[in-house]
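Below is one structure, written out as structure tokens; the observations come after it.
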Amino acid sequence: MTYDRFDLSGKTAVITGGNGGIGLGFARAIAAAGADVSIWGTNPDKNAAALAELQALNPSASVLLCDVSNEDAVEESMARVIDRYGRIDACFPNAGIGSQNQKPFFEHSSEDWFKVIDVNLHGVFFTLRAATRQMVKQGEGGSLILTSSGTAIQGAPKAEAYASTKGGMIAMMMSLSVEMARYKITANAVVPGWVETAMTERAFGWKKFVDAVIPRIPMRRWGQPDDFGAIAVYLMSDASRWHTGDVIKIDGGFSIF
Ligand code: NAP
């Protein structure tokens, strides 16, 4: 027996950074639950591999080459999604990058600071602005699901730019959840703990880091992208219509230990 409020048939989602890691974890689950999924990324090889995987779950999946820090590219990509599927029901602004140079704060380059903010914050703004415009026009509600980070609520040395964007995303989400409620659009932030993806590859290969962090995760393992599938289905589904403005931690217990 299935719980039909989790059925996503007839709904369309955009997932930025959906060609790998947590975004692909979201995409696999919602495609399997019946949603039409458009994933966006900047790497053509990753895009092609992820598309093949998703189309095996749901043939309607598609992919777009889009740099979310480029305002015009985001507008054009959203228009292409609407053209193809006729609607947008969920938007996952998930694309993100870490700081490029792990230096002390007083040696951070302005270039690095702006690059991280361009992708992680401006990109989220461009994406959500275009998606909400369409959702409001449709008049049938929708779901905004932002991928924040534990760095928004815990100290992250040498990663102040990254942490600032992730904190900014939570603030953006809370304001949106209030403003968009009149349109029956919900907004929530997912806060992942330490998840094994391309972004964390370097840290997870560093013994000192692994030895210090694993004992602080009560579940005693790194998160995997598929640990994020169920929350994506739930937040996109009709089952979560009254759930908005929340910060949902999925971190194996890291933040409370
Ligand atoms: P990931 O595998 O490196 O995923 C990052 C995704 O963002 C990729 O699909 C990448 O695609 C895309 N991306 C990067 N720059 C982009 C741009 N300018 N335009 C469009 N797409 C872009 O790492 P991940 O861990 O899954 O990260 C996903 C999200 O989770 C990020 O927002 C990250 O901050 C957040 N997060 C991760 C962790 C963790 O432990 N892994 C913890 C907390 C939060 P391309 O390579 O094709 O550009």
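In the structure tokens, the first chain shown is A, the next is B, and so on; residue numbers restart at 1 for each chain, and ligands run from 1 in the order shown.
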
- prompt: When DSSP works through the backbone of this structure, what residues of region 46-252 of chain A end up as strand (DSSP E), shown as a VMD selection string?
  reply: chain A and resid 62 to 65 90 to 92 142 to 147 185 to 192 247 to 250

- request: Please give me, as a PyMOL selection string, the residues lying within 7 Å of ligand 1 when counting only C-alpha atoms and all ligand atoms.
  value: chain A and resi 16-23+40-44+46-47+66-69+94-98+119-120+147-150+191-200

Same residues, C-alpha atoms, output as a JSON list (two decimals), in the first residue's frame:
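Here's the written file out_12.json:
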[["chain", "number", "residue", "atom", "x", "y", "z"],
["A", 16, "THR", "CA", 19.85, 23.50, -9.29],
["A", 17, "GLY", "CA", 23.00, 21.47, -8.73],
["A", 18, "GLY", "CA", 20.90, 18.39, -9.44],
["A", 19, "ASN", "CA", 23.63, 16.56, -11.36],
["A", 20, "GLY", "CA", 25.44, 15.22, -8.29],
["A", 21, "GLY", "CA", 25.56, 14.95, -4.52],
["A", 22, "ILE", "CA", 22.60, 16.05, -2.43],
["A", 23, "GLY", "CA", 20.77, 17.55, -5.42],
["A", 40, "TRP", "CA", 20.63, 22.26, -13.73],
["A", 41, "GLY", "CA", 24.42, 22.21, -13.58],
["A", 42, "THR", "CA", 27.51, 23.66, -15.26],
["A", 43, "ASN", "CA", 29.43, 20.45, -16.05],
["A", 44, "PRO", "CA", 28.16, 18.79, -19.27],
["A", 46, "LYS", "CA", 27.93, 15.31, -14.94],
["A", 47, "ASN", "CA", 24.71, 16.60, -16.49],
["A", 66, "CYS", "CA", 23.01, 26.75, -16.43],
["A", 67, "ASP", "CA", 25.33, 28.78, -14.24],
["A", 68, "VAL", "CA", 23.02, 30.05, -11.52],
["A", 69, "SER", "CA", 25.21, 33.08, -10.84],
["A", 94, "ASN", "CA", 20.65, 23.65, -4.09],
["A", 95, "ALA", "CA", 23.67, 24.57, -6.26],
["A", 96, "GLY", "CA", 26.54, 25.68, -4.08],
["A", 97, "ILE", "CA", 30.29, 25.99, -3.86],
["A", 98, "GLY", "CA", 32.67, 26.16, -0.93],
["A", 119, "VAL", "CA", 26.73, 31.32, -6.68],
["A", 120, "ASN", "CA", 25.35, 30.57, -3.21],
["A", 147, "THR", "CA", 19.73, 23.69, 0.82],
["A", 148, "SER", "CA", 21.41, 25.60, 3.63],
["A", 149, "SER", "CA", 24.15, 24.16, 5.85],
["A", 150, "GLY", "CA", 25.13, 23.61, 9.47],
["A", 191, "VAL", "CA", 20.35, 21.78, 6.80],
["A", 192, "PRO", "CA", 22.57, 18.82, 5.94],
["A", 193, "GLY", "CA", 25.31, 17.62, 8.26],
["A", 194, "TRP", "CA", 28.51, 16.14, 6.81],
["A", 195, "VAL", "CA", 27.56, 14.41, 3.57],
["A", 196, "GLU", "CA", 29.83, 12.42, 1.26],
["A", 197, "THR", "CA", 29.82, 14.39, -2.03],
["A", 198, "ALA", "CA", 32.27, 16.05, -4.41],
["A", 199, "MET", "CA", 32.22, 19.11, -2.14],
["A", 200, "THR", "CA", 33.53, 17.24, 0.89]]

field: Selected residue of minimal separation from Asn101 (chain A) among A:Ile214, A:Tyr3, A:Lys158, A:Ser9, counting only C-alpha atoms
entry: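 With only C-alpha atoms as the atom set, the closest residue is A:Lys158.
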
Select from region 41-91 of chain A every residue with an atom at most 12 Å from any atom of region 171-185 of chain A, then for each give the shortest pair of atoms and their distance in Å to one decimal, using only C-alpha atoms, rows by chain and rising number, as a tab-separated table.
residue	atom	partner	partner_atom	distance
A:Ile88	CA	A:Ile185	CA	11.5
A:Asp89	CA	A:Ile185	CA	9.0
A:Ala90	CA	A:Ile185	CA	9.1
A:Cys91	CA	A:Ile185	CA	10.6

All heavy atoms of the current selection, written as a PDB file, in the first residue's frame:
ATOM      1  N   ILE A  88       5.645  24.952 -12.861  1.00  0.00           N
ATOM      2  CA  ILE A  88       6.678  24.673 -11.845  1.00  0.00           C
ATOM      3  C   ILE A  88       5.969  24.576 -10.494  1.00  0.00           C
ATOM      4  O   ILE A  88       5.263  25.505 -10.093  1.00  0.00           O
ATOM      5  CB  ILE A  88       7.760  25.781 -11.799  1.00  0.00           C
ATOM      6  CG1 ILE A  88       8.540  25.788 -13.122  1.00  0.00           C
ATOM      7  CG2 ILE A  88       8.721  25.552 -10.627  1.00  0.00           C
ATOM      8  CD1 ILE A  88       9.483  26.948 -13.268  1.00  0.00           C
ATOM      9  N   ASP A  89       6.146  23.446  -9.836  1.00  0.00           N
ATOM     10  CA  ASP A  89       5.507  23.237  -8.531  1.00  0.00           C
ATOM     11  C   ASP A  89       6.497  23.269  -7.379  1.00  0.00           C
ATOM     12  O   ASP A  89       6.093  23.511  -6.235  1.00  0.00           O
ATOM     13  CB  ASP A  89       4.775  21.888  -8.531  1.00  0.00           C
ATOM     14  CG  ASP A  89       3.735  21.839  -9.624  1.00  0.00           C
ATOM     15  OD1 ASP A  89       2.663  22.439  -9.441  1.00  0.00           O
ATOM     16  OD2 ASP A  89       4.011  21.234 -10.688  1.00  0.00           O
ATOM     17  N   ALA A  90       7.756  22.968  -7.678  1.00  0.00           N
ATOM     18  CA  ALA A  90       8.762  22.972  -6.604  1.00  0.00           C
ATOM     19  C   ALA A  90      10.076  23.494  -7.143  1.00  0.00           C
ATOM     20  O   ALA A  90      10.442  23.228  -8.286  1.00  0.00           O
ATOM     21  CB  ALA A  90       8.962  21.557  -6.058  1.00  0.00           C
ATOM     22  N   CYS A  91      10.756  24.236  -6.304  1.00  0.00           N
ATOM     23  CA  CYS A  91      12.073  24.761  -6.687  1.00  0.00           C
ATOM     24  C   CYS A  91      13.064  24.456  -5.567  1.00  0.00           C
ATOM     25  O   CYS A  91      12.820  24.803  -4.403  1.00  0.00           O
ATOM     26  CB  CYS A  91      11.975  26.265  -6.932  1.00  0.00           C
ATOM     27  SG  CYS A  91      13.546  26.980  -7.453  1.00  0.00           S
TER      28      CYS A  91
END

Quick one: everything within 10 Å of Asp226 (chain A), counting only C-alpha atoms, minus sequence neighbours fewer than 4 positions away in the same chain. Send it as a compact mmCIF listing (two decimals) with all heavy atoms, in the first residue's frame.
# COMPACT_ATOMS: atom_id res chain seq x y z
N GLY A 21 25.68 14.71 -5.96
CA GLY A 21 25.56 14.95 -4.52
C GLY A 21 24.13 15.01 -4.01
O GLY A 21 23.26 14.25 -4.44
N ILE A 22 23.90 15.94 -3.11
CA ILE A 22 22.60 16.05 -2.43
C ILE A 22 21.48 16.36 -3.44
O ILE A 22 20.38 15.81 -3.34
CB ILE A 22 22.68 17.14 -1.34
CG1 ILE A 22 23.65 16.67 -0.22
CG2 ILE A 22 21.30 17.45 -0.76
CD1 ILE A 22 24.03 17.75 0.77
N GLY A 23 21.78 17.20 -4.42
CA GLY A 23 20.77 17.55 -5.42
C GLY A 23 20.30 16.34 -6.20
O GLY A 23 19.11 16.19 -6.49
N LEU A 24 21.24 15.46 -6.53
CA LEU A 24 20.86 14.23 -7.25
C LEU A 24 20.09 13.29 -6.30
O LEU A 24 19.18 12.58 -6.74
CB LEU A 24 22.10 13.55 -7.84
CG LEU A 24 21.87 12.34 -8.75
CD1 LEU A 24 20.89 12.65 -9.88
CD2 LEU A 24 23.19 11.84 -9.33
N GLY A 25 20.43 13.33 -5.03
CA GLY A 25 19.65 12.56 -4.03
C GLY A 25 18.20 13.04 -3.99
O GLY A 25 17.27 12.23 -3.96
N PHE A 26 18.01 14.36 -4.03
CA PHE A 26 16.64 14.91 -4.10
C PHE A 26 15.96 14.41 -5.39
O PHE A 26 14.82 13.96 -5.38
CB PHE A 26 16.66 16.44 -4.19
CG PHE A 26 17.07 17.21 -2.97
CD1 PHE A 26 17.71 18.46 -3.10
CD2 PHE A 26 16.81 16.75 -1.69
CE1 PHE A 26 18.07 19.21 -1.99
CE2 PHE A 26 17.17 17.50 -0.56
CZ PHE A 26 17.80 18.73 -0.73
N ALA A 27 16.71 14.56 -6.50
CA ALA A 27 16.13 14.31 -7.83
C ALA A 27 15.70 12.85 -8.00
O ALA A 27 14.61 12.58 -8.52
CB ALA A 27 17.13 14.69 -8.91
N ARG A 28 16.55 11.92 -7.56
CA ARG A 28 16.21 10.49 -7.70
C ARG A 28 14.88 10.18 -7.01
O ARG A 28 14.03 9.52 -7.57
CB ARG A 28 17.29 9.62 -7.03
CG ARG A 28 18.53 9.44 -7.83
CD ARG A 28 19.40 8.37 -7.14
NE ARG A 28 20.77 8.51 -7.51
CZ ARG A 28 21.73 9.01 -6.72
NH1 ARG A 28 21.47 9.38 -5.49
NH2 ARG A 28 22.96 9.13 -7.17
N ALA A 29 14.73 10.71 -5.81
CA ALA A 29 13.53 10.38 -5.02
C ALA A 29 12.27 10.99 -5.63
O ALA A 29 11.24 10.32 -5.75
CB ALA A 29 13.72 10.85 -3.58
N ALA A 230 13.82 11.41 1.01
CA ALA A 230 12.49 11.43 1.64
C ALA A 230 12.04 12.85 1.98
O ALA A 230 10.87 13.20 1.80
CB ALA A 230 12.49 10.56 2.89

- prompt: Using only C-alpha atoms, which of A:Arg202, A:Arg216, A:Lys249, A:Arg241 sits nearest Gly142 (chain A)?
  reply: A:Arg241
